[in-house]
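Okay, so here's the structure we're looking at.
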Amino acid sequence: MASADAAIGIPADGRQRGVAGRDMPDVLRVLLNGFVFVLLWNHVWLKDLSDRSMLAASEDGSLLTQVLFLGAGAAMAAAIHRIGVRHLHPLLTRPLVLCALWLGATALLSIEPSLSLRRLVLFAIAAMLSAGVLIVARSPRQLALTMAGSALVIVLGSYLAVALVPNLAIHSAFDVNSDPSHPGLWRGIFPQKNEAGAAMVILVIVGLYVATVASRLLGWAIVILAAGFLVASGSKTAILLLPVILAVTGLCQVLTGGFLRRLLLLGPVIGFSLISIGSVLAPPIQDAVGALLTDATFTGRSEIWQFAIDNIMIRPWRGWGIGAFWMTERTMYAGSEELTWVTTVDHAHNAYLDTALIGGLPFLALTVVAFVLAPVRDLQRVAGGMRLDAETMLFLRLWFLGLVSASFETVLYNGNNATCCMFMMAVFGLRLRTRYAVLAR
């Protein structure tokens, strides 16, 4: 039983190296994990973008979001306690602990402490859910089938929304703050087409995992449905990144050496960072990007990036606090007297810049160590010199998705973001497998 049940990282009966635990019925495991995956992938269904009341920004957050996450968090905490909290002890690495401590300290030192503390609680719950699903799943097959069921709820729900309530599932010219290029693009049950696109990339990755571990028919059905919706969403970043993710992680099956894998995985991350942030900081890079791309501003992101960089340097050591900078009156804190369209956005469209805005440059350095460098080391500990098994490939693809998305979207330290949650699950999964991988062979 150990070989099959420990392939994710945790034995199903709750016992590992003398650690006592109690079992949970399969039906409870599946229901809890299924609900968590649906919640993490999307919890705001069929948002009416023509509702003018959305213009009245609120810092209090969504009551529905708070209730759903608190309920799921309580249920997951109970399940982890029953199975055994000590199964998560391998996650208490020095980089992850330092990131948590720094994040907490900067929340207390935030320009809006109450707001930052609420965002911190939401993120902490999302992180617990992302880790908890790995020890609640009894086996790789159960994890795959649970993810498959959740994926079908999301993708079929999106197709049904387009067919039955297109006014709530397709962008139109009546959307508040509508972009001229958005009308006609599908968003399904999601609030925005880019969120739909990112979720569909995740579902493609999930479908490939399901096809390998549980059912080829079911897995490839999810892949085809998600890929079709991805194209209809018109999410350029997601459409561009999916083939890069599949190609690079596929090559990791061929190039098994440590140096080659590091170069293969970190090279694109560095490259995307250079053409994004580098295009703002270095004029030669900006000129090169302009010569290669028709839109050297990356649909206006370059102006946002410059605004973010300017404000990072105002508070470079402690940042502004999680969730506190991109707020209605942030220009007062940022020392800007000029109101431009940039001050209406709610994130930097770059996870690394937003990380520095949250906790300063030291926090950015800690994040790179904990979430970029450490997972590569963990990957080599799990599968150095060998081909990757299905679970390791799932974690690798989701981790790489988060890193390459980070150059164009804010996918770190955002509990509301599906890519962020799956990225954390991948980081935790790779780490857990370094402790329990021997049981899976």
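Ordering of the structure tokens sets the chain letters (A, B, ...), residue numbers begin anew at 1 in every chain, and ligands are numbered from 1 in the order given.
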Spatial neighbours of Met424 of chain A, max dist 9 Å, only C-alpha atoms, sep filter under 3 positions, as a list in words: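 Result of the neighbour search: Ala126, Ala127, Ser130, Ala131, Phe371, Leu398, Trp399, Gly402, Leu412, Thr419, Cys420, Cys421, Val427, Phe428 and Gly429 of chain A.
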Could the residues of segment 87-156 of chain A that have an atom at most 8 Å from segment 360-368 of chain A be listed as a tab-separated table, each with its closest atom pair and the distance in Å to one decimal, counting only C-alpha atoms and ordered by chain and ascending residue number?
```
residue	atom	partner	partner_atom	distance
A:Pro95	CA	A:Leu366	CA	6.5
A:Leu98	CA	A:Leu366	CA	7.3
A:Cys99	CA	A:Leu366	CA	6.1
A:Trp102	CA	A:Phe363	CA	6.8
A:Leu103	CA	A:Phe363	CA	7.6
```
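For the pair atom CA of Ser302 of chain A and atom CA of Val280 of chain A, the separation is 6.3 Å.
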DSSP alpha helix (DSSP H) residues within segment 102-138 of chain A, listed as number ranges by chain: A: 102-108, 113-136
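Restricting the calculation to only C-alpha atoms, the smallest distance between Gly73 of chain A and any of A:Leu115, A:Leu129, A:Ala148, A:Ala107 is found for A:Leu129.
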Polymer residues at most 10 Å from Thr212 of chain A, only C-alpha atoms, same-chain spacing of 2 or more positions, as a PyMOL selection string: chain A and resi 141+144+206-210+214-216+219-220+389-391
Could you turn the residues from that selection into a file that holds C-alpha atoms, as a PDB file, in the first residue's frame?
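Listed below is the output, result.pdb:
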```
ATOM      1  CA  ARG A 141      -5.643   8.121  -8.631  1.00  0.00           C
ATOM      2  CA  ALA A 144      -6.553  12.788 -10.254  1.00  0.00           C
ATOM      3  CA  VAL A 206      -4.780  18.798 -14.915  1.00  0.00           C
ATOM      4  CA  GLY A 207      -6.275  16.954 -17.891  1.00  0.00           C
ATOM      5  CA  LEU A 208      -2.858  15.650 -18.914  1.00  0.00           C
ATOM      6  CA  TYR A 209      -2.312  14.404 -15.367  1.00  0.00           C
ATOM      7  CA  VAL A 210      -5.716  12.695 -15.300  1.00  0.00           C
ATOM      8  CA  ALA A 214      -6.685   7.725 -14.029  1.00  0.00           C
ATOM      9  CA  SER A 215      -8.469   7.820 -17.402  1.00  0.00           C
ATOM     10  CA  ARG A 216      -7.206   8.700 -20.865  1.00  0.00           C
ATOM     11  CA  GLY A 219      -8.241  13.402 -19.215  1.00  0.00           C
ATOM     12  CA  TRP A 220      -8.125  14.210 -22.910  1.00  0.00           C
ATOM     13  CA  ASP A 389       6.671  10.476 -12.786  1.00  0.00           C
ATOM     14  CA  ALA A 390       3.135  11.791 -13.228  1.00  0.00           C
ATOM     15  CA  GLU A 391       2.877  13.608  -9.875  1.00  0.00           C
TER      16      GLU A 391
END
```
Residue neighbourhood Glu409 of chain A, 8 Å, only C-alpha atoms, exclusion window fewer than 5 positions, as JSON, numbers by chain: {"A": [348, 349, 350, 351]}
Could you write out that same residue set with N, CA and C atoms as a compact mmCIF listing (two decimals), in the first residue's frame?
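Result saved to result.txt:
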```txt
# COMPACT_ATOMS: atom_id res chain seq x y z
N ALA A 348 0.19 45.19 -10.39
CA ALA A 348 1.27 45.65 -11.25
C ALA A 348 1.40 44.85 -12.55
N HIS A 349 0.59 43.81 -12.72
CA HIS A 349 0.74 42.91 -13.87
C HIS A 349 2.16 42.32 -13.91
N ASN A 350 2.77 42.19 -12.74
CA ASN A 350 4.08 41.56 -12.63
C ASN A 350 4.25 41.12 -11.18
N ALA A 351 4.37 39.81 -10.96
CA ALA A 351 4.39 39.29 -9.60
C ALA A 351 5.63 39.72 -8.83
```
Atom CA of Leu49 of chain A to atom CA of Asp175 of chain A, distance in Å rounded to a single decimal: 4.8 Å
